[in-house]
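Source file: structure.txt. Holds: compact mmCIF, C-alpha atoms.
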# COMPACT_ATOMS: atom_id res chain seq x y z
CA MET A 1 35.25 6.41 14.25
CA GLU A 2 34.42 7.33 17.87
CA GLU A 3 35.19 10.97 17.06
CA SER A 4 33.03 11.14 13.94
CA PRO A 5 30.06 13.58 14.04
CA GLN A 6 27.61 10.69 13.68
CA ALA A 7 29.13 8.79 16.60
CA LEU A 8 29.23 11.88 18.80
CA THR A 9 25.59 12.62 18.04
CA TYR A 10 24.69 9.06 19.02
CA THR A 11 26.74 8.99 22.24
CA ASN A 12 25.45 12.41 23.28
CA ALA A 13 21.87 11.23 22.73
CA LEU A 14 22.57 8.18 24.90
CA ARG A 15 24.19 10.29 27.59
CA GLU A 16 21.16 12.60 27.71
CA SER A 17 18.59 9.82 27.51
CA SER A 18 16.24 9.72 30.48
CA PHE A 19 15.48 6.09 29.59
CA LEU A 20 19.15 5.09 29.91
CA GLN A 21 19.50 6.91 33.22
CA GLN A 22 16.39 5.21 34.61
CA LEU A 23 17.79 1.88 33.39
CA ILE A 24 21.12 2.48 35.17
CA ASP A 25 19.37 3.66 38.34
CA LYS A 26 17.01 0.66 38.22
CA LYS A 27 13.98 2.95 38.30
CA LEU A 28 12.18 1.71 35.19
CA GLU A 29 8.62 0.59 35.80
CA PHE A 30 7.85 -2.85 34.40
CA GLU A 31 4.57 -3.97 32.89
CA TRP A 32 4.22 -7.65 33.69
CA ALA A 33 1.97 -9.44 31.19
CA PRO A 34 1.41 -12.88 29.66
CA THR A 35 3.35 -13.06 26.40
CA GLN A 36 3.49 -15.56 23.54
CA ILE A 37 6.25 -15.79 20.96
CA VAL A 38 5.19 -16.24 17.33
CA SER A 39 7.64 -17.25 14.63
CA ASP A 40 7.89 -18.64 11.15
CA ASP A 41 9.04 -22.16 10.47
CA PRO A 42 12.61 -21.87 9.07
CA ASP A 43 11.44 -24.15 6.24
CA LYS A 44 9.66 -21.09 4.88
CA GLY A 45 13.02 -19.83 3.63
CA LEU A 46 13.27 -22.94 1.49
CA GLY A 47 9.67 -22.75 0.29
CA ARG A 48 8.68 -25.88 2.22
CA ALA A 49 6.48 -24.42 4.97
CA LYS A 50 2.76 -25.17 4.82
CA ALA A 51 0.48 -22.26 3.93
CA ASP A 52 -1.50 -22.50 7.18
CA GLU A 53 1.73 -22.41 9.19
CA LEU A 54 3.06 -19.16 7.76
CA PHE A 55 3.50 -16.25 10.15
CA PRO A 56 0.30 -14.32 9.25
CA GLN A 57 -1.86 -17.39 9.85
CA ARG A 58 -0.15 -18.20 13.14
CA LEU A 59 -0.47 -14.59 14.28
CA LYS A 60 -4.14 -14.44 13.32
CA ARG A 61 -4.95 -17.56 15.35
CA ILE A 62 -3.39 -16.04 18.47
CA MET A 63 -4.55 -12.43 18.06
CA GLY A 64 -8.05 -13.18 16.84
CA GLN A 65 -10.25 -10.78 14.84
CA PRO A 66 -10.60 -7.20 16.10
CA THR A 67 -14.09 -6.25 17.25
CA THR A 68 -13.72 -2.62 18.35
CA ASP A 69 -10.24 -1.15 17.67
CA PHE A 70 -7.22 -1.89 15.50
CA GLY A 71 -4.19 0.42 15.59
CA LEU A 72 -1.32 -0.51 13.28
CA VAL A 73 2.21 0.91 13.00
CA SER A 74 4.22 -0.44 10.08
CA ALA A 75 7.25 1.02 8.32
CA TYR A 76 6.49 -0.79 5.06
CA PHE A 77 2.75 -1.12 4.63
CA VAL A 78 1.69 -2.97 1.46
CA PRO A 79 -1.78 -4.36 2.21
CA THR A 80 -2.39 -5.95 -1.26
CA ASP A 81 -5.93 -6.53 -2.50
CA ALA A 82 -6.56 -9.19 0.17
CA GLY A 83 -5.37 -6.89 2.94
CA VAL A 84 -7.53 -4.02 1.72
CA LYS A 85 -10.58 -6.31 1.77
CA SER A 86 -9.80 -7.25 5.38
CA PHE A 87 -9.36 -3.64 6.50
CA VAL A 88 -12.51 -2.57 4.69
CA ALA A 89 -14.42 -5.45 6.31
CA PHE A 90 -13.15 -4.38 9.74
CA ALA A 91 -14.32 -0.81 9.17
CA GLN A 92 -17.71 -1.96 7.88
CA ARG A 93 -18.19 -3.97 11.08
CA GLY A 94 -17.63 -0.80 13.10
CA VAL A 95 -14.01 -1.44 14.03
CA LYS A 96 -11.99 1.78 14.38
CA VAL A 97 -8.96 1.19 12.14
CA LYS A 98 -5.92 3.48 12.33
CA VAL A 99 -2.72 2.98 10.34
CA LEU A 100 0.61 4.79 10.68
CA THR A 101 3.29 4.27 8.04
CA ASN A 102 6.03 6.34 6.43
CA ALA A 103 5.27 9.27 4.17
CA LEU A 104 7.01 9.14 0.80
CA GLU A 105 9.36 11.91 1.97
CA ALA A 106 10.40 9.82 4.99
CA THR A 107 10.59 6.26 3.66
CA ASP A 108 13.95 4.69 2.96
CA VAL A 109 12.42 2.35 0.34
CA PRO A 110 10.36 4.48 -2.08
CA ALA A 111 9.45 1.50 -4.27
CA VAL A 112 7.52 -0.08 -1.39
CA HIS A 113 5.46 3.11 -1.09
CA ALA A 114 4.00 2.40 -4.54
CA GLY A 115 2.28 -0.75 -3.27
CA TYR A 116 0.59 1.25 -0.54
CA ALA A 117 -0.09 4.55 -2.31
CA LYS A 118 -2.43 3.09 -4.94
CA ARG A 119 -4.73 1.71 -2.22
CA ARG A 120 -5.07 4.78 -0.03
CA LYS A 121 -8.29 6.07 -1.55
CA GLU A 122 -10.09 2.76 -1.15
CA LEU A 123 -9.03 2.52 2.49
CA LEU A 124 -10.07 6.10 3.23
CA LYS A 125 -13.45 5.63 1.55
CA ALA A 126 -14.10 2.69 3.86
CA GLY A 127 -13.38 4.80 6.94
CA VAL A 128 -9.82 3.67 7.69
CA GLN A 129 -7.76 6.49 9.21
CA LEU A 130 -4.35 6.86 7.54
CA TYR A 131 -1.35 8.71 8.94
CA GLU A 132 2.03 9.10 7.28
CA LEU A 133 5.06 9.94 9.41
CA ARG A 134 6.73 13.15 8.27
CA ARG A 135 10.45 13.48 7.76
CA VAL A 136 11.60 14.90 11.09
CA ALA A 137 14.89 16.74 11.49
CA THR A 138 16.62 17.02 14.85
CA THR A 139 16.07 20.78 14.85
CA ASP A 140 12.33 20.27 14.39
CA LEU A 141 12.08 18.29 17.60
CA GLY A 142 13.58 20.90 19.90
CA GLY A 143 15.22 18.20 21.98
CA ARG A 144 12.09 16.02 22.10
CA GLN A 145 12.07 12.39 21.05
CA VAL A 146 9.58 10.83 18.67
CA GLY A 147 9.63 7.63 20.73
CA ILE A 148 8.32 4.37 19.31
CA TRP A 149 7.15 6.10 16.13
CA GLY A 150 10.70 6.81 14.97
CA SER A 151 13.81 8.73 15.91
CA SER A 152 15.07 12.19 15.15
CA GLY A 153 16.30 12.51 11.59
CA SER A 154 15.10 9.05 10.59
CA SER A 155 12.11 7.30 9.15
CA LEU A 156 9.63 5.09 10.98
CA HIS A 157 10.84 1.57 11.63
CA ALA A 158 8.44 0.26 14.28
CA LYS A 159 6.28 -2.79 13.60
CA THR A 160 3.51 -3.09 16.13
CA PHE A 161 -0.25 -3.10 16.45
CA ALA A 162 -2.90 -3.17 19.14
CA VAL A 163 -6.25 -4.98 19.07
CA ASP A 164 -9.38 -4.10 21.06
CA GLY A 165 -7.47 -2.26 23.77
CA SER A 166 -6.23 -5.55 25.22
CA ARG A 167 -3.53 -7.18 23.06
CA VAL A 168 -0.34 -5.86 21.47
CA PHE A 169 1.98 -7.31 18.86
CA VAL A 170 5.62 -6.23 18.61
CA GLY A 171 8.04 -7.88 16.22
CA SER A 172 9.75 -7.95 12.85
CA PHE A 173 6.64 -8.49 10.72
CA ASN A 174 5.67 -5.77 8.26
CA PHE A 175 2.27 -5.80 6.60
CA ASP A 176 3.74 -6.54 3.19
CA PRO A 177 4.09 -9.56 0.87
CA ARG A 178 7.80 -10.06 1.59
CA SER A 179 7.13 -10.52 5.30
CA ALA A 180 4.14 -12.75 4.61
CA LYS A 181 5.66 -15.04 1.98
CA LEU A 182 9.45 -14.71 1.85
CA ASN A 183 11.07 -13.54 5.09
CA THR A 184 11.15 -15.63 8.25
CA GLU A 185 9.59 -13.41 10.92
CA LEU A 186 9.31 -13.35 14.70
CA GLY A 187 7.31 -11.37 17.22
CA PHE A 188 5.52 -11.31 20.56
CA VAL A 189 1.83 -11.14 21.40
CA ILE A 190 1.43 -9.35 24.73
CA GLU A 191 -1.80 -9.51 26.72
CA SER A 192 -1.64 -6.01 28.16
CA PRO A 193 -4.48 -3.47 28.23
CA ALA A 194 -1.96 -0.91 29.57
CA LEU A 195 0.34 -1.20 26.54
CA ALA A 196 -2.60 -1.29 24.13
CA HIS A 197 -3.94 1.87 25.77
CA ASP A 198 -0.53 3.54 25.33
CA ILE A 199 -0.68 2.93 21.58
CA GLU A 200 -4.23 4.29 21.44
CA ILE A 201 -3.20 7.41 23.38
CA ASN A 202 -0.21 7.95 21.09
CA PHE A 203 -2.46 7.81 18.04
CA ALA A 204 -4.72 10.43 19.62
CA THR A 205 -2.08 12.80 20.97
CA ARG A 206 1.39 12.34 19.48
CA VAL A 207 0.84 10.97 15.97
CA PRO A 208 -0.96 14.13 14.70
CA ASN A 209 2.11 16.18 15.72
CA TYR A 210 4.55 14.09 13.71
CA ALA A 211 2.47 12.66 10.87
CA TYR A 212 0.32 13.82 7.99
CA GLU A 213 -3.33 12.89 8.27
CA LEU A 214 -4.75 11.81 4.93
CA GLN A 215 -8.19 12.93 3.78
CA LEU A 216 -10.34 12.76 0.65
CA SER A 217 -11.90 15.86 -0.85
CA ASP A 218 -15.53 15.96 -2.01
CA LYS A 219 -14.22 15.21 -5.51
CA GLY A 220 -12.28 12.18 -4.30
CA HIS A 221 -8.83 13.76 -4.39
CA LEU A 222 -6.20 13.02 -1.75
CA TYR A 223 -4.79 15.72 0.46
CA TRP A 224 -2.45 15.74 3.45
CA ILE A 225 -2.99 17.67 6.68
CA ALA A 226 -0.02 18.71 8.83
CA HIS A 227 -0.48 20.20 12.28
CA ASP A 228 2.26 22.65 13.31
CA GLY A 229 1.28 24.00 16.68
CA ASP A 230 -1.83 26.12 16.17
CA ARG A 231 -1.33 26.14 12.41
CA THR A 232 -2.85 23.58 10.05
CA VAL A 233 -1.35 23.16 6.57
CA ARG A 234 -2.90 21.30 3.65
CA TYR A 235 -0.90 19.70 0.86
CA TYR A 236 -2.46 18.55 -2.38
CA LYS A 237 0.63 16.65 -3.56
CA GLU A 238 2.88 14.23 -1.67
CA PRO A 239 4.64 16.64 0.74
CA GLY A 240 8.39 17.08 0.50
CA THR A 241 8.78 15.20 -2.78
CA SER A 242 9.83 16.05 -6.32
CA PHE A 243 7.79 15.64 -9.48
CA TRP A 244 10.15 12.91 -10.69
CA LEU A 245 9.87 10.88 -7.49
CA ARG A 246 6.08 11.07 -7.61
CA ALA A 247 6.15 10.07 -11.29
CA PHE A 248 8.40 7.10 -10.48
CA ILE A 249 6.04 5.91 -7.73
CA ARG A 250 3.03 6.29 -9.99
CA PHE A 251 4.79 4.29 -12.72
CA LEU A 252 5.62 1.49 -10.28
CA SER A 253 2.03 1.39 -9.05
CA PHE A 254 0.92 0.16 -12.48
CA LEU A 255 3.38 -2.75 -12.50
CA PRO A 256 2.51 -6.19 -11.05
CA VAL A 257 5.31 -6.10 -8.49
CA ASP A 258 3.39 -6.26 -5.19
CA SER A 259 4.70 -9.74 -4.43
CA LEU A 260 8.25 -8.37 -4.50
CA LEU A 261 7.59 -5.44 -2.15

What would you get if you wrote out this structure as structure tokens?
Amino acid sequence: MEESPQALTYTNALRESSFLQQLIDKKLEFEWAPTQIVSDDPDKGLGRAKADELFPQRLKRIMGQPTTDFGLVSAYFVPTDAGVKSFVAFAQRGVKVKVLTNALEATDVPAVHAGYAKRRKELLKAGVQLYELRRVATTDLGGRQVGIWGSSGSSLHAKTFAVDGSRVFVGSFNFDPRSAKLNTELGFVIESPALAHDIEINFATRVPNYAYELQLSDKGHLYWIAHDGDRTVRYYKEPGTSFWLRAFIRFLSFLPVDSLL
């Protein structure tokens, strides 16, 4: 197994990692910040946890409502009708809302994409900025790393968000019904303007290089913008996907399965 191509690729990446070398040399810079752990009651797995003690409610009490900025990174983003109303309300109050999730070509769970895809237009109309991580091959990176947004040859798996340039959440919680109602989740709320600023900077500088930016045409049709160096490419269908996959996602979007996603 150690001699398999996959294992060699992994060990070579570790060997060449500047992060690992800094860790070994004890040269990593630490960001010291007050941190709170947030977790679900294990009774949730048995259906016995109280509604106001579920993870989303606990997290909301600690994080508070955003007033200026909200930057979200979620591998499986299924906002549901209630979530869309919240995001729209944020945007209407002047909060700058940015969301990064997987593009259909990059996700490892296409069915989940259906719960998000049908709500994109409503979010965009409200002023929410949507980005979808592209499928990135190792050769496309030229030796560079995608960092917290994903890894070479893989889809996005990060679950984090920043609020008002001051607080950051990092944990297992996805913005989807399974995380909210079924899974027992855990995460950390970090009071750190420096880390929140890092997420904001990444949205401004790195995300456009690795993700499609979604827009609405004057006629209300979706299109995807990809930035490749000095070249900008527009796609009018889900990039990198087949007709049958798009048809499958569209079919699922009509079914009442959000609670299972």

Check: What's the 7 Å shell around range 205-218 of chain A, counting all atoms listed in the file, without same-chain residues fewer than 5 positions away, as a ChimeraX atom specification?
Finding: /A:130-134,223-228

Filtering to C-alpha atoms, could you give me those residues as a compact mmCIF listing (two decimals), keeping the file's coordinate frame?
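The resulting file, out-v2.txt, is shown below:
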# COMPACT_ATOMS: atom_id res chain seq x y z
CA LEU A 130 -4.35 6.86 7.54
CA TYR A 131 -1.35 8.71 8.94
CA GLU A 132 2.03 9.10 7.28
CA LEU A 133 5.06 9.94 9.41
CA ARG A 134 6.73 13.15 8.27
CA TYR A 223 -4.79 15.72 0.46
CA TRP A 224 -2.45 15.74 3.45
CA ILE A 225 -2.99 17.67 6.68
CA ALA A 226 -0.02 18.71 8.83
CA HIS A 227 -0.48 20.20 12.28
CA ASP A 228 2.26 22.65 13.31

Check: Counting all atoms listed in the file, what is within 6 Å of Val128 in chain A, bar same-chain residues fewer than 3 positions away, as a PyMOL selection string?
Finding: chain A and resi 97+123-124

Item checked: Shortest interatomic distance to Glu31 in chain A - which of A:Glu3, A:Asp43, A:Glu191, A:Glu238, counting all atoms listed in the file ->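 The shortest atom-to-atom distance to Glu31 in chain A comes from A:Glu191.
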
Item checked: Within 6 Å of Ile249 in chain A using all atoms listed in the file, minus same-chain residues under 3 positions, as a VMD selection string -> chain A and resid 114 246 252

Mind dumping the selected residues with C-alpha atoms as a compact mmCIF listing (two decimals), keeping the file's coordinate frame?
# COMPACT_ATOMS: atom_id res chain seq x y z
CA ALA A 114 4.00 2.40 -4.54
CA ARG A 246 6.08 11.07 -7.61
CA LEU A 252 5.62 1.49 -10.28

Note to self: For a quick check of understanding, using only C-alpha atoms, which of A:Lys50, A:Arg61, A:Lys118, A:His113 has the smallest distance to Asp81 in chain A?
What the structure shows: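 Closest residue, counting only C-alpha atoms: A:Lys118.
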
Check: Can you tell me, as a list in words, what residues are no more than 12 Å from Phe248 in chain A when counting only C-alpha atoms, ignoring any on the same chain fewer than 3 positions away?
Finding: Leu104, Pro110, Ala111, Val112, His113, Ala114, Thr241, Ser242, Phe243, Trp244, Leu245, Phe251, Leu252, Ser253, Phe254 and Leu255 of chain A

Notebook entry, point to check: What is the CA of Thr68 in chain A-CA of Glu53 in chain A distance in Å, reported with one decimal?
Noted result: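 Atom-to-atom, CA of Thr68 in chain A to CA of Glu53 in chain A, that is 26.7 Å.
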
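If only C-alpha atoms are the atoms counted, then among A:Leu54, A:Val168, A:Ile199, A:Leu222 the closest residue to Gln36 in chain A is A:Val168.
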
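The interatomic distance for the pair CA of Val109 in chain A and CA of Met1 in chain A works out to 27.0 Å.
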
Item checked: For CA of Gly127 in chain A and CA of Val84 in chain A, the interatomic separation in Å (one decimal) ->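 Answer for the CA of Gly127 in chain A to CA of Val84 in chain A separation: 11.8 Å.
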
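Distance check against Ile201 in chain A using all atoms listed in the file: of A:Arg167, A:Gly45, A:Ala106, A:Ala162, the minimum falls on A:Ala162.
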